[in-house]
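Data first, discussion second: the structure below is written as structure tokens.
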Amino acid sequence: MSDSREQKWWKNAVVYQIYPKSFQDSNGDGVGDIRGIISRLDYLKDLGIDAVWISPMYCSPQNDNGYDISDYQDIDPMFGTLADMDELIAEAKKRGIRIIMDLVLNHTSDEHRWFQEAKKSRENPYHDYYVWRDGEPGVYPNEMKATFGGPAWEWVPEVEQYYFHQFAVEQPDLNWENPKVRREIYDMILWWMDRGVGGFRLDVIDQIAKEPDKKITNNGPRLHEFLRELSRETFQKGDLITVGEAWGATPEIAKLYSNPDGSEFSMVFQFEHVGLDQEEGKEKWDLAPLSLVKLKRCLARWQRELYQTGWNSLFWDNHDLPRIVSRWGDDGEYRVESAKMLALVLHGMQGTPYIYQGEELGMTNVKFHDISEYRDIETTNMYDERISEGYAKEDVMHSLYAKSRDNARTPMQWNDGRNAGFTTGTPWIAVNPNYTKINAGAQVNDPDSVYSFYKKLVHLRKEQPLFVDGKFRLLYEDDEQIFAYTREDEEAEMLVCANFTGTPVFCPAVEEWKDGDMLLHNYPGEPSAELKPYEAVLYLRKKRN
Ligand code: TEU
């Protein structure tokens, strides 16, 4: 075992993401909660994952489902209590699972005590916790827009100033220039570390060092100075996994974030591959055709660039993204095959893989008929905006079906019973009607299920050092159907070979590797050089010395 694996447990780990509102309800109020999560820990243990990242459960008015925090040091009653949280940490620990909290440090809720104080007067000690600019009602400091629609500035008559918000009006941005803000944040993080938390995911962390006067949102000049201080004052005092969300990361920047010297984070989420199906210069709703060549080049570049100089996170899905099987796979006839194929292609690369709840079941996007069934603030704001701009309803719905964040947020499909076993009450967002077919109950004991395939992958990673250390090499770079690559170290090499389409394709590498051990395959029997729709295989061979 190499040094890096001994020192950095998270390089060998698989993380599972829970969106708590939609995971498991224990008290019939239609919203998932901590006791629900505790009741499903054995399921997670069976899957074999090492850590669970849970989206925010702090006190929040829920304008953005918990990404608007009103008290960082308490749990929202909707999810339970601090005592429940302590129990969750302890119960997870018993099963060898660490709990990763989601830290939203770029902004708070407008109901946070700091903001309530800040907006009282310019002299208030908390005023400078946020980002204010002078102006007059109706004359904005500049034309910056918020991610969730509308201007990025909101007028507060009491102080006759605008505050800056990169997301919703209810999410005022914190002022990281103020050392007091930073100290409060560090103390809060240390407090969670003392409770036994195993790591943190840092929400939109590349946006904290904004300079709105220069229209700088992410990657501000002081960003890495702030991050190094944050890491020194908190994370480096424990053995944590930390992952920053950085939509604006390039490989160069990611090397800073995930520097092996540990000065910032363990790794970052970068989103370059996620934006490939969006028309350039437009919004995520403006869909461009998918190109496998572009996807491969993008992912391969990240593999190459961070090799031994940083560390990748590997993910297809999260709570903001549509379901991968509906996006790059086939959520109809070849749902099972394509879900497995996508899993293998992702997990075979170098980095720490993340599984988003339900991905291990091959859960799909949802098509609600009416906007009233959608809950996400980004989705409903965009709908209103586009309808008022004259877009046709069908076109807007078409974009929602492809990209709404609610695709990922429908309740976890546990079984084929009422509400998919998620709640005995009325779910806060409707269950995807395909739960009768796609659910955990049908898959956990089926050796051929998507679930079992994920489970094998997770276990393989523990057995094969190549998954962690092997050097990546892309094959067939210009092929629009095949995604194939090798990983290699001094002792062994492996081949991942996948047909990314529903049309058979000839792939000579499969023939060349026939003498290797076939570790995984998403069809029965041996593959031939003609790969079937979405067929994927993993071969390993030892090197002869
Ligand atoms: O997301 C960051 C972010 O930039 C997203 O809003 C992204 O632009 C959008 O989802 C693309 O559709 C994080 C959280 O993951 C998200 O859930 C929060 O809403 C957001 O920050 C604000 O805290």
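Chain labels follow the order of the structure tokens: the first chain is A, the next B, and so on; residue numbering restarts at 1 in every chain, and ligands are counted from 1 in their shown order.
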
At a cut-off of 9 Å, using only C-alpha atoms, what residues contact A:Arg113? Leave out same-chain residues fewer than 3 positions from it and give the result as a ChimeraX atom specification.
/A:70-71,110,116-118

Those same residues, written as a short mmCIF file (atom, residue, chain, number, x, y, z; two decimals), in the first residue's frame with all heavy atoms?
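Output contents, as saved in part-v6.cif:
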```
data_model
loop_
_atom_site.label_atom_id
_atom_site.label_comp_id
_atom_site.auth_asym_id
_atom_site.auth_seq_id
_atom_site.Cartn_x
_atom_site.Cartn_y
_atom_site.Cartn_z
N SER A 70 -30.40 29.76 9.26
CA SER A 70 -30.68 30.81 10.23
C SER A 70 -29.99 30.55 11.57
O SER A 70 -29.90 31.44 12.41
CB SER A 70 -32.19 30.98 10.43
OG SER A 70 -32.77 29.76 10.76
N ASP A 71 -29.52 29.33 11.80
CA ASP A 71 -28.70 29.04 12.99
C ASP A 71 -27.81 27.84 12.68
O ASP A 71 -28.31 26.73 12.50
CB ASP A 71 -29.60 28.74 14.19
CG ASP A 71 -28.79 28.55 15.47
OD1 ASP A 71 -27.54 28.45 15.39
OD2 ASP A 71 -29.40 28.48 16.55
N ASP A 110 -31.74 35.31 5.51
CA ASP A 110 -32.03 36.66 6.02
C ASP A 110 -32.68 36.60 7.41
O ASP A 110 -32.82 37.61 8.07
CB ASP A 110 -32.89 37.46 5.03
CG ASP A 110 -34.22 36.82 4.74
OD1 ASP A 110 -34.43 35.64 5.14
OD2 ASP A 110 -35.08 37.47 4.12
N GLN A 116 -30.52 39.90 10.95
CA GLN A 116 -31.58 40.67 11.62
C GLN A 116 -30.98 41.90 12.31
O GLN A 116 -31.55 42.99 12.27
CB GLN A 116 -32.31 39.78 12.65
CG GLN A 116 -33.12 38.65 12.03
CD GLN A 116 -34.28 39.18 11.20
OE1 GLN A 116 -35.00 40.07 11.63
NE2 GLN A 116 -34.42 38.66 9.98
N GLU A 117 -29.83 41.68 12.94
CA GLU A 117 -29.13 42.81 13.57
C GLU A 117 -28.56 43.76 12.52
O GLU A 117 -28.71 44.97 12.60
CB GLU A 117 -27.98 42.28 14.45
CG GLU A 117 -28.43 41.58 15.73
CD GLU A 117 -29.12 42.53 16.70
OE1 GLU A 117 -28.62 43.67 16.86
OE2 GLU A 117 -30.15 42.14 17.29
N ALA A 118 -27.91 43.16 11.53
CA ALA A 118 -27.18 43.94 10.52
C ALA A 118 -28.07 44.96 9.82
O ALA A 118 -27.61 46.03 9.44
CB ALA A 118 -26.57 43.00 9.49
#
```

A:Ser313: which residues within 8 Å, counting only C-alpha atoms, same-chain residues fewer than 3 positions away excluded, as an mmCIF file with all heavy atoms, in the first residue's frame?
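Done, and the output landed in out07.cif:
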```cif
data_model
loop_
_atom_site.group_PDB
_atom_site.id
_atom_site.type_symbol
_atom_site.label_atom_id
_atom_site.label_comp_id
_atom_site.auth_asym_id
_atom_site.auth_seq_id
_atom_site.Cartn_x
_atom_site.Cartn_y
_atom_site.Cartn_z
ATOM 1 N N MET A 267 -10.317 17.872 -1.567
ATOM 2 C CA MET A 267 -10.654 17.833 -2.997
ATOM 3 C C MET A 267 -11.748 18.861 -3.280
ATOM 4 O O MET A 267 -12.326 19.425 -2.357
ATOM 5 C CB MET A 267 -11.141 16.433 -3.384
ATOM 6 C CG MET A 267 -12.440 16.031 -2.727
ATOM 7 S SD MET A 267 -12.787 14.268 -2.841
ATOM 8 C CE MET A 267 -12.064 13.660 -1.324
ATOM 9 N N VAL A 268 -12.016 19.069 -4.577
ATOM 10 C CA VAL A 268 -13.141 19.935 -4.934
ATOM 11 C C VAL A 268 -14.104 19.227 -5.867
ATOM 12 O O VAL A 268 -13.724 18.302 -6.591
ATOM 13 C CB VAL A 268 -12.740 21.235 -5.668
ATOM 14 C CG1 VAL A 268 -12.290 22.272 -4.708
ATOM 15 C CG2 VAL A 268 -11.760 20.993 -6.778
ATOM 16 N N PHE A 269 -15.323 19.709 -5.865
ATOM 17 C CA PHE A 269 -16.258 19.358 -6.928
ATOM 18 C C PHE A 269 -16.064 20.390 -8.022
ATOM 19 O O PHE A 269 -16.232 21.583 -7.778
ATOM 20 C CB PHE A 269 -17.709 19.468 -6.449
ATOM 21 C CG PHE A 269 -18.117 18.444 -5.439
ATOM 22 C CD1 PHE A 269 -18.734 18.836 -4.256
ATOM 23 C CD2 PHE A 269 -17.933 17.088 -5.679
ATOM 24 C CE1 PHE A 269 -19.152 17.890 -3.326
ATOM 25 C CE2 PHE A 269 -18.343 16.140 -4.747
ATOM 26 C CZ PHE A 269 -18.955 16.538 -3.571
ATOM 27 N N GLN A 270 -15.700 19.929 -9.195
ATOM 28 C CA GLN A 270 -15.642 20.835 -10.344
ATOM 29 C C GLN A 270 -16.768 20.423 -11.278
ATOM 30 O O GLN A 270 -17.198 19.274 -11.271
ATOM 31 C CB GLN A 270 -14.268 20.786 -11.007
ATOM 32 C CG GLN A 270 -13.892 19.447 -11.620
ATOM 33 C CD GLN A 270 -14.470 19.208 -12.995
ATOM 34 O OE1 GLN A 270 -14.926 20.143 -13.658
ATOM 35 N NE2 GLN A 270 -14.465 17.964 -13.419
ATOM 36 N N GLY A 351 -9.917 9.296 -8.241
ATOM 37 C CA GLY A 351 -10.609 10.302 -7.439
ATOM 38 C C GLY A 351 -11.502 9.613 -6.431
ATOM 39 O O GLY A 351 -11.574 8.385 -6.379
ATOM 40 N N THR A 352 -12.188 10.410 -5.635
ATOM 41 C CA THR A 352 -13.109 9.854 -4.645
ATOM 42 C C THR A 352 -14.520 9.902 -5.208
ATOM 43 O O THR A 352 -15.031 10.991 -5.502
ATOM 44 C CB THR A 352 -13.038 10.668 -3.335
ATOM 45 O OG1 THR A 352 -11.703 10.599 -2.839
ATOM 46 C CG2 THR A 352 -13.998 10.121 -2.285
ATOM 47 N N PRO A 353 -15.164 8.742 -5.396
ATOM 48 C CA PRO A 353 -16.504 8.744 -5.988
ATOM 49 C C PRO A 353 -17.593 9.130 -4.981
ATOM 50 O O PRO A 353 -17.517 8.787 -3.802
ATOM 51 C CB PRO A 353 -16.718 7.302 -6.433
ATOM 52 C CG PRO A 353 -15.487 6.549 -6.099
ATOM 53 C CD PRO A 353 -14.671 7.382 -5.172
ATOM 54 N N TYR A 354 -18.582 9.821 -5.495
ATOM 55 C CA TYR A 354 -19.770 10.198 -4.716
ATOM 56 C C TYR A 354 -20.992 9.567 -5.371
ATOM 57 O O TYR A 354 -21.166 9.685 -6.589
ATOM 58 C CB TYR A 354 -19.933 11.727 -4.698
ATOM 59 C CG TYR A 354 -18.877 12.421 -3.853
ATOM 60 C CD1 TYR A 354 -17.560 12.507 -4.290
ATOM 61 C CD2 TYR A 354 -19.194 12.946 -2.604
ATOM 62 C CE1 TYR A 354 -16.587 13.103 -3.510
ATOM 63 C CE2 TYR A 354 -18.225 13.559 -1.811
ATOM 64 C CZ TYR A 354 -16.926 13.632 -2.269
ATOM 65 O OH TYR A 354 -15.961 14.225 -1.496
#
```

Mind listing the residues within 6 Å of ligand 1, only C-alpha atoms and all ligand atoms counted, as a VMD selection string?
chain A and resid 64 67 167 203 to 204 320

For the residues in the current selection, export C-alpha atoms as a PDB file, in the first residue's frame.
```
ATOM      1  CA  ASP A  64     -33.625  27.094  -0.589  1.00  0.00           C
ATOM      2  CA  TYR A  67     -29.013  26.281   1.981  1.00  0.00           C
ATOM      3  CA  PHE A 167     -28.478  33.558  -4.714  1.00  0.00           C
ATOM      4  CA  ASP A 203     -21.117  25.110  -0.490  1.00  0.00           C
ATOM      5  CA  VAL A 204     -20.159  27.546  -3.298  1.00  0.00           C
ATOM      6  CA  ASP A 320     -28.747  20.210  -8.056  1.00  0.00           C
TER       7      ASP A 320
END
```

Do a neighbour search on stretch 466-470 of chain A at 7 Å with only C-alpha atoms, toss out local chain neighbours closer than 3 positions, and write the hits as a PyMOL selection string.
chain A and resi 11-12+348-351+461+487-489

Write out the residues from the selection above, keeping all heavy atoms, as a tab-separated table (two decimals), in the first residue's frame.
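After the write, result_21.tsv holds the following:
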```tsv
chain	number	residue	atom	x	y	z
A	11	LYS	N	-8.92	8.93	0.10
A	11	LYS	CA	-8.62	8.60	-1.30
A	11	LYS	C	-9.17	7.22	-1.65
A	11	LYS	O	-9.38	6.89	-2.81
A	11	LYS	CB	-7.10	8.60	-1.53
A	11	LYS	CG	-6.52	9.98	-1.52
A	11	LYS	CD	-5.12	10.01	-2.10
A	11	LYS	CE	-4.66	11.44	-2.25
A	11	LYS	NZ	-3.30	11.54	-2.77
A	12	ASN	N	-9.36	6.44	-0.62
A	12	ASN	CA	-9.82	5.08	-0.82
A	12	ASN	C	-11.31	4.95	-0.49
A	12	ASN	O	-11.86	3.86	-0.45
A	12	ASN	CB	-9.01	4.20	0.14
A	12	ASN	CG	-9.04	2.76	-0.23
A	12	ASN	OD1	-9.19	2.44	-1.40
A	12	ASN	ND2	-8.94	1.91	0.75
A	348	GLY	N	-14.28	3.97	-12.09
A	348	GLY	CA	-12.99	3.46	-12.53
A	348	GLY	C	-11.93	4.54	-12.64
A	348	GLY	O	-10.74	4.25	-12.74
A	349	MET	N	-12.35	5.81	-12.63
A	349	MET	CA	-11.37	6.88	-12.77
A	349	MET	C	-10.68	7.18	-11.43
A	349	MET	O	-11.07	6.67	-10.39
A	349	MET	CB	-12.06	8.14	-13.32
A	349	MET	CG	-12.43	7.99	-14.78
A	349	MET	SD	-13.03	9.52	-15.54
A	349	MET	CE	-14.71	9.53	-14.95
A	350	GLN	N	-9.66	8.06	-11.50
A	350	GLN	CA	-8.96	8.39	-10.26
A	350	GLN	C	-9.68	9.51	-9.53
A	350	GLN	O	-10.00	10.55	-10.12
A	350	GLN	CB	-7.53	8.83	-10.56
A	350	GLN	CG	-6.74	9.03	-9.27
A	350	GLN	CD	-5.27	9.27	-9.50
A	350	GLN	OE1	-4.88	10.02	-10.39
A	350	GLN	NE2	-4.44	8.63	-8.69
A	351	GLY	N	-9.92	9.30	-8.24
A	351	GLY	CA	-10.61	10.30	-7.44
A	351	GLY	C	-11.50	9.61	-6.43
A	351	GLY	O	-11.57	8.39	-6.38
A	461	ARG	N	-13.07	-1.28	-5.17
A	461	ARG	CA	-12.18	-0.16	-4.87
A	461	ARG	C	-11.32	-0.44	-3.64
A	461	ARG	O	-10.18	0.01	-3.53
A	461	ARG	CB	-13.03	1.09	-4.66
A	461	ARG	CG	-12.35	2.28	-4.04
A	461	ARG	CD	-13.21	3.49	-4.16
A	461	ARG	NE	-13.33	3.84	-5.56
A	461	ARG	CZ	-12.52	4.69	-6.18
A	461	ARG	NH1	-11.58	5.33	-5.52
A	461	ARG	NH2	-12.65	4.93	-7.46
A	487	ARG	N	-6.04	2.11	-16.58
A	487	ARG	CA	-5.37	2.61	-15.36
A	487	ARG	C	-4.19	1.67	-15.12
A	487	ARG	O	-4.34	0.46	-15.27
A	487	ARG	CB	-6.31	2.55	-14.16
A	487	ARG	CG	-7.60	3.33	-14.28
A	487	ARG	CD	-7.44	4.82	-14.00
A	487	ARG	NE	-6.75	5.13	-12.76
A	487	ARG	CZ	-7.34	5.18	-11.56
A	487	ARG	NH1	-8.62	4.94	-11.43
A	487	ARG	NH2	-6.64	5.47	-10.47
A	488	GLU	N	-3.09	2.21	-14.69
A	488	GLU	CA	-1.89	1.38	-14.66
A	488	GLU	C	-0.96	1.79	-13.53
A	488	GLU	O	-0.78	2.98	-13.28
A	488	GLU	CB	-1.18	1.57	-16.01
A	488	GLU	CG	0.03	0.73	-16.17
A	488	GLU	CD	0.68	0.92	-17.56
A	488	GLU	OE1	0.13	1.70	-18.38
A	488	GLU	OE2	1.72	0.30	-17.79
A	489	ASP	N	-0.39	0.80	-12.85
A	489	ASP	CA	0.75	1.08	-11.95
A	489	ASP	C	1.85	0.05	-12.23
A	489	ASP	O	1.79	-0.64	-13.25
A	489	ASP	CB	0.32	1.13	-10.48
A	489	ASP	CG	-0.16	-0.20	-9.94
A	489	ASP	OD1	0.07	-1.24	-10.59
A	489	ASP	OD2	-0.77	-0.22	-8.87
```

Can you list, as a VMD selection string, every protein, DNA or RNA residue that comes within 6 Å of A:Thr242 when you count only C-alpha atoms, leaving out same-chain residues fewer than 2 positions away?
chain A and resid 199 to 201 265 to 266

If you run DSSP over the backbone, which residues in stretch 259-407 of chain A end up alpha helix (DSSP H)? Put them as a PyMOL selection string.
chain A and resi 292-306+324-327+335-347+377-388+393-403

Filtered DSSP result for stretch 258-401 of chain A, state strand (DSSP E or B), as a count of residues only
13

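Checking A:Leu295, A:Ala300, A:Val169, A:Ile37 one by one against A:Pro251, counting only C-alpha atoms, you find the shortest gap at A:Ala300.
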
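Using only C-alpha atoms for every distance, the candidate list A:Ile75, A:Ile324, A:Ile429, A:Leu519 yields A:Leu519 as the residue closest to A:His459.
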